[in-house]
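What follows is one structure encoded as structure tokens, with my remarks underneath.
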Amino acid sequence: MRLLTVVLLVQVAIGIGLVAVVLSGDVPLVGNLGIGESAGSGTPVEAAVARAPVDRFDEARAFGWLRRQVDIGPRPAGSPESRRLARLLRARLPGGRFQAVPGRLRNVIGLVPGRDPARTVVVGAHYDTKDEPGFVGANDAASGTAVVMELARAIRPRTLGPTVVFILFDGEESPRGTADEDFEMAGLRGSRIAAPAYRNAEAMVLLDFVGNRNLSIPRERNSDPALWYRLRQAAGRVGAGRVFPRRVDAPIADDHLPFIRAGVPSIDLIDTNFLRGPCWHRPCDDLRGVSAQSLDLSGETVFELLRTL
């Protein structure tokens, strides 16, 4: 009888320890699936980070948005395909409207009111693709747009403290042939227009490369350290901590920069490994390299961060 009691106590202790590990997000990833490789569900990586232990974000709906964008084909800024997508996004975003951007481009903006109308948080992504032949941009950046669209649907009015403004930026990518050193002047066109209008926002969260299968998002050096710390805390609470490692990577020029320059604490969720992989701005950035589970972990983490702001 005494031995049975000891065994039961040990089992309870092990169970508590496992729960603590899961809640902290420190579940080790296994496997090393290359960026852009094809893999079905149940791969070692996806088994390790199958989904968050909460369920406020519908990854199937989000993946449907990702697939819908890819099915349109290449969507460079100003193209008929991009304008068609913009109309669809505006129709489905709560309070959807256009914001004019020079060059006949347009941001798509929606809004979910919070309990405190004096507070605003911006959540954004870009919806244009790089103007390269055959480039459909499943990860860059249909994934970010898909997460934004599902967050805007999932968050109910007046359930969060701040009002959340969702902005889908046009013209993030620079026109074809632009030199790398000219990117910040020729690209980021939509965010340079949006940032001054929301300079009073208390935070800005940008979603860029958040859909690839082997997801790992460190803090890029331009992202606000305090806000990133809160994001990592949120990730730990929903079981996605391992997706957001402690390391800091090189600074990235992205749509959060105009907001930083406007004085808004901003962070960029971008898998910097994807930038170094073979499918960045290449036709292989397609449905084979993205995962509904990655969208889920990204979406649940941002939802939890917004809940705590």
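Residue numbering restarts at 1 in every chain; chains get A, B, ... in the order shown in the structure tokens, and ligands count up from 1 in that same order.
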
Shell of 12 Å around Glu81 (chain A), only C-alpha atoms, local chain residues under 6 positions omitted, as a VMD selection string: chain A and resid 68 to 75 87 to 88 127 to 129 131 136

Output for the residues just chosen: N, CA and C atoms as a PDB file, in the first residue's frame:
ATOM      1  N   ARG A  68      -6.588  31.242 -50.710  1.00  0.00           N
ATOM      2  CA  ARG A  68      -7.337  32.113 -51.619  1.00  0.00           C
ATOM      3  C   ARG A  68      -6.419  33.134 -52.286  1.00  0.00           C
ATOM      4  N   GLN A  69      -5.482  33.664 -51.528  1.00  0.00           N
ATOM      5  CA  GLN A  69      -4.534  34.618 -52.106  1.00  0.00           C
ATOM      6  C   GLN A  69      -3.616  33.949 -53.125  1.00  0.00           C
ATOM      7  N   VAL A  70      -3.093  32.793 -52.761  1.00  0.00           N
ATOM      8  CA  VAL A  70      -2.196  32.078 -53.669  1.00  0.00           C
ATOM      9  C   VAL A  70      -2.924  31.695 -54.954  1.00  0.00           C
ATOM     10  N   ASP A  71      -4.198  31.316 -54.835  1.00  0.00           N
ATOM     11  CA  ASP A  71      -4.967  30.925 -56.021  1.00  0.00           C
ATOM     12  C   ASP A  71      -5.137  32.080 -57.009  1.00  0.00           C
ATOM     13  N   ILE A  72      -5.109  33.313 -56.505  1.00  0.00           N
ATOM     14  CA  ILE A  72      -5.196  34.467 -57.402  1.00  0.00           C
ATOM     15  C   ILE A  72      -3.954  34.556 -58.286  1.00  0.00           C
ATOM     16  N   GLY A  73      -2.832  34.081 -57.758  1.00  0.00           N
ATOM     17  CA  GLY A  73      -1.575  34.133 -58.500  1.00  0.00           C
ATOM     18  C   GLY A  73      -0.718  35.299 -58.048  1.00  0.00           C
ATOM     19  N   PRO A  74       0.287  35.698 -58.813  1.00  0.00           N
ATOM     20  CA  PRO A  74       1.116  36.855 -58.463  1.00  0.00           C
ATOM     21  C   PRO A  74       0.252  38.097 -58.273  1.00  0.00           C
ATOM     22  N   ARG A  75       0.588  38.899 -57.240  1.00  0.00           N
ATOM     23  CA  ARG A  75      -0.243  40.050 -56.874  1.00  0.00           C
ATOM     24  C   ARG A  75       0.623  41.295 -56.608  1.00  0.00           C
ATOM     25  N   ARG A  87     -10.203  44.446 -52.903  1.00  0.00           N
ATOM     26  CA  ARG A  87     -11.668  44.549 -52.781  1.00  0.00           C
ATOM     27  C   ARG A  87     -12.228  43.427 -51.906  1.00  0.00           C
ATOM     28  N   LEU A  88     -11.675  42.242 -52.063  1.00  0.00           N
ATOM     29  CA  LEU A  88     -12.121  41.103 -51.262  1.00  0.00           C
ATOM     30  C   LEU A  88     -11.784  41.310 -49.785  1.00  0.00           C
ATOM     31  N   TYR A 127      -0.075  42.933 -48.326  1.00  0.00           N
ATOM     32  CA  TYR A 127      -0.811  41.977 -49.157  1.00  0.00           C
ATOM     33  C   TYR A 127      -0.295  41.916 -50.591  1.00  0.00           C
ATOM     34  N   ASP A 128       0.687  42.739 -50.942  1.00  0.00           N
ATOM     35  CA  ASP A 128       1.257  42.666 -52.283  1.00  0.00           C
ATOM     36  C   ASP A 128       2.382  41.631 -52.318  1.00  0.00           C
ATOM     37  N   THR A 129       2.692  41.143 -53.510  1.00  0.00           N
ATOM     38  CA  THR A 129       3.807  40.228 -53.694  1.00  0.00           C
ATOM     39  C   THR A 129       4.913  40.899 -54.490  1.00  0.00           C
ATOM     40  N   ASP A 131       7.287  41.637 -57.434  1.00  0.00           N
ATOM     41  CA  ASP A 131       6.992  41.565 -58.864  1.00  0.00           C
ATOM     42  C   ASP A 131       8.047  40.718 -59.560  1.00  0.00           C
ATOM     43  N   VAL A 136       4.062  33.602 -56.117  1.00  0.00           N
ATOM     44  CA  VAL A 136       2.727  33.684 -55.520  1.00  0.00           C
ATOM     45  C   VAL A 136       2.761  34.011 -54.034  1.00  0.00           C
TER      46      VAL A 136
END

Under the rule of at most 12 Å, produce a per-residue listing of region 155-191 of chain A near region 294-309 of chain A: chain, number, name, the closest pair of atoms, and the distance in Å, as CSV, using only C-alpha atoms.
residue,atom,partner,partner_atom,distance
A:Ile155,CA,A:Phe303,CA,8.0
A:Arg156,CA,A:Arg307,CA,11.3
A:Arg158,CA,A:Arg307,CA,11.1
A:Thr159,CA,A:Arg307,CA,8.3
A:Leu160,CA,A:Arg307,CA,5.7
A:Gly161,CA,A:Leu309,CA,7.0
A:Pro162,CA,A:Leu309,CA,7.3
A:Thr163,CA,A:Leu306,CA,9.8
A:Val164,CA,A:Leu306,CA,8.4
A:Val165,CA,A:Leu306,CA,11.5

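Considering only C-alpha atoms, the residue among A:Pro175, A:Pro258, A:Gly78, A:Gly110 positioned nearest to Pro94 (chain A) is A:Gly110.
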
Just to confirm, what's the straight-line distance from CA of Gly239 (chain A) to CA of Asn222 (chain A) in Å (one decimal)? 25.2 Å

Tell me, which residues of region 152-209 of chain A carry DSSP strand (DSSP E), written as a list in words? Pro162, Thr163, Val164, Val165, Phe166, Ile167, Leu168, Phe169, Ala203, Met204, Val205, Leu206 and Leu207 of chain A

Under the rule that only C-alpha atoms are counted, which of A:Gly177, A:Thr272, A:Ile252, A:Gly263 is the nearest residue to Pro218 (chain A)? A:Thr272

Could you find all residues in region 20-245 of chain A that DSSP calls helix (DSSP H, G or I) from the backbone, and write them as a PyMOL selection string? chain A and resi 20-24+44-48+59-72+80-92+138-154+180-186+189-197+225-237+241-243

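Among the candidate residues A:Arg92, A:Arg153, A:Arg282, A:Arg104, the one lying nearest to Arg56 (chain A) is A:Arg153, with distances computed using only C-alpha atoms.
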
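Within the 12 Å cut-off around Ala60 (chain A), using only C-alpha atoms and omitting residues fewer than 2 positions from it on the same chain, the listed residues are Arg51, Asp55, Phe57, Asp58, Ala62, Phe63, Gly64, Trp65, Leu66, Arg67, Ala146, Val147, Glu150, Ser291, Ala292, Gln293, Ser294, Leu295, Asp296 and Gly299 of chain A.
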
Which residues, written as a ChimeraX atom specification, have at least one atom at most 6 Å from Ala240 (chain A), with only C-alpha atoms counted and residues fewer than 3 positions away on the same chain left out? /A:25,235-236,243,297

Would you mind listing what lies within 7 Å of region 120-125 of chain A as a ChimeraX atom specification, with only C-alpha atoms counted and same-chain residues fewer than 4 positions away left out? /A:144-145,148,162-169,201-208

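A straight line drawn from CA of Asp180 (chain A) to CA of Asp255 (chain A) is 15.7 Å long.
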
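Counting only C-alpha atoms and comparing A:Gly103, A:Gly190, A:Gly241, A:Gly277, the residue that lies closest to Asp254 (chain A) is A:Gly190.
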
Do you know which residues are at most 8 Å from Ala86 (chain A) counting only C-alpha atoms, after dropping those on the same chain fewer than 2 positions away, and could you put them as a ChimeraX atom specification? /A:82-84,88-90,106-108

Pairwise distance, CA of Gly171 (chain A) with CA of Ala77 (chain A), equals 5.2 Å

Hey, what's within 7 Å of Asp285 (chain A) if we count only C-alpha atoms and toss same-chain stuff fewer than 2 positions away? As a PyMOL selection string, please? chain A and resi 36+136-139+279-280+282-283+289
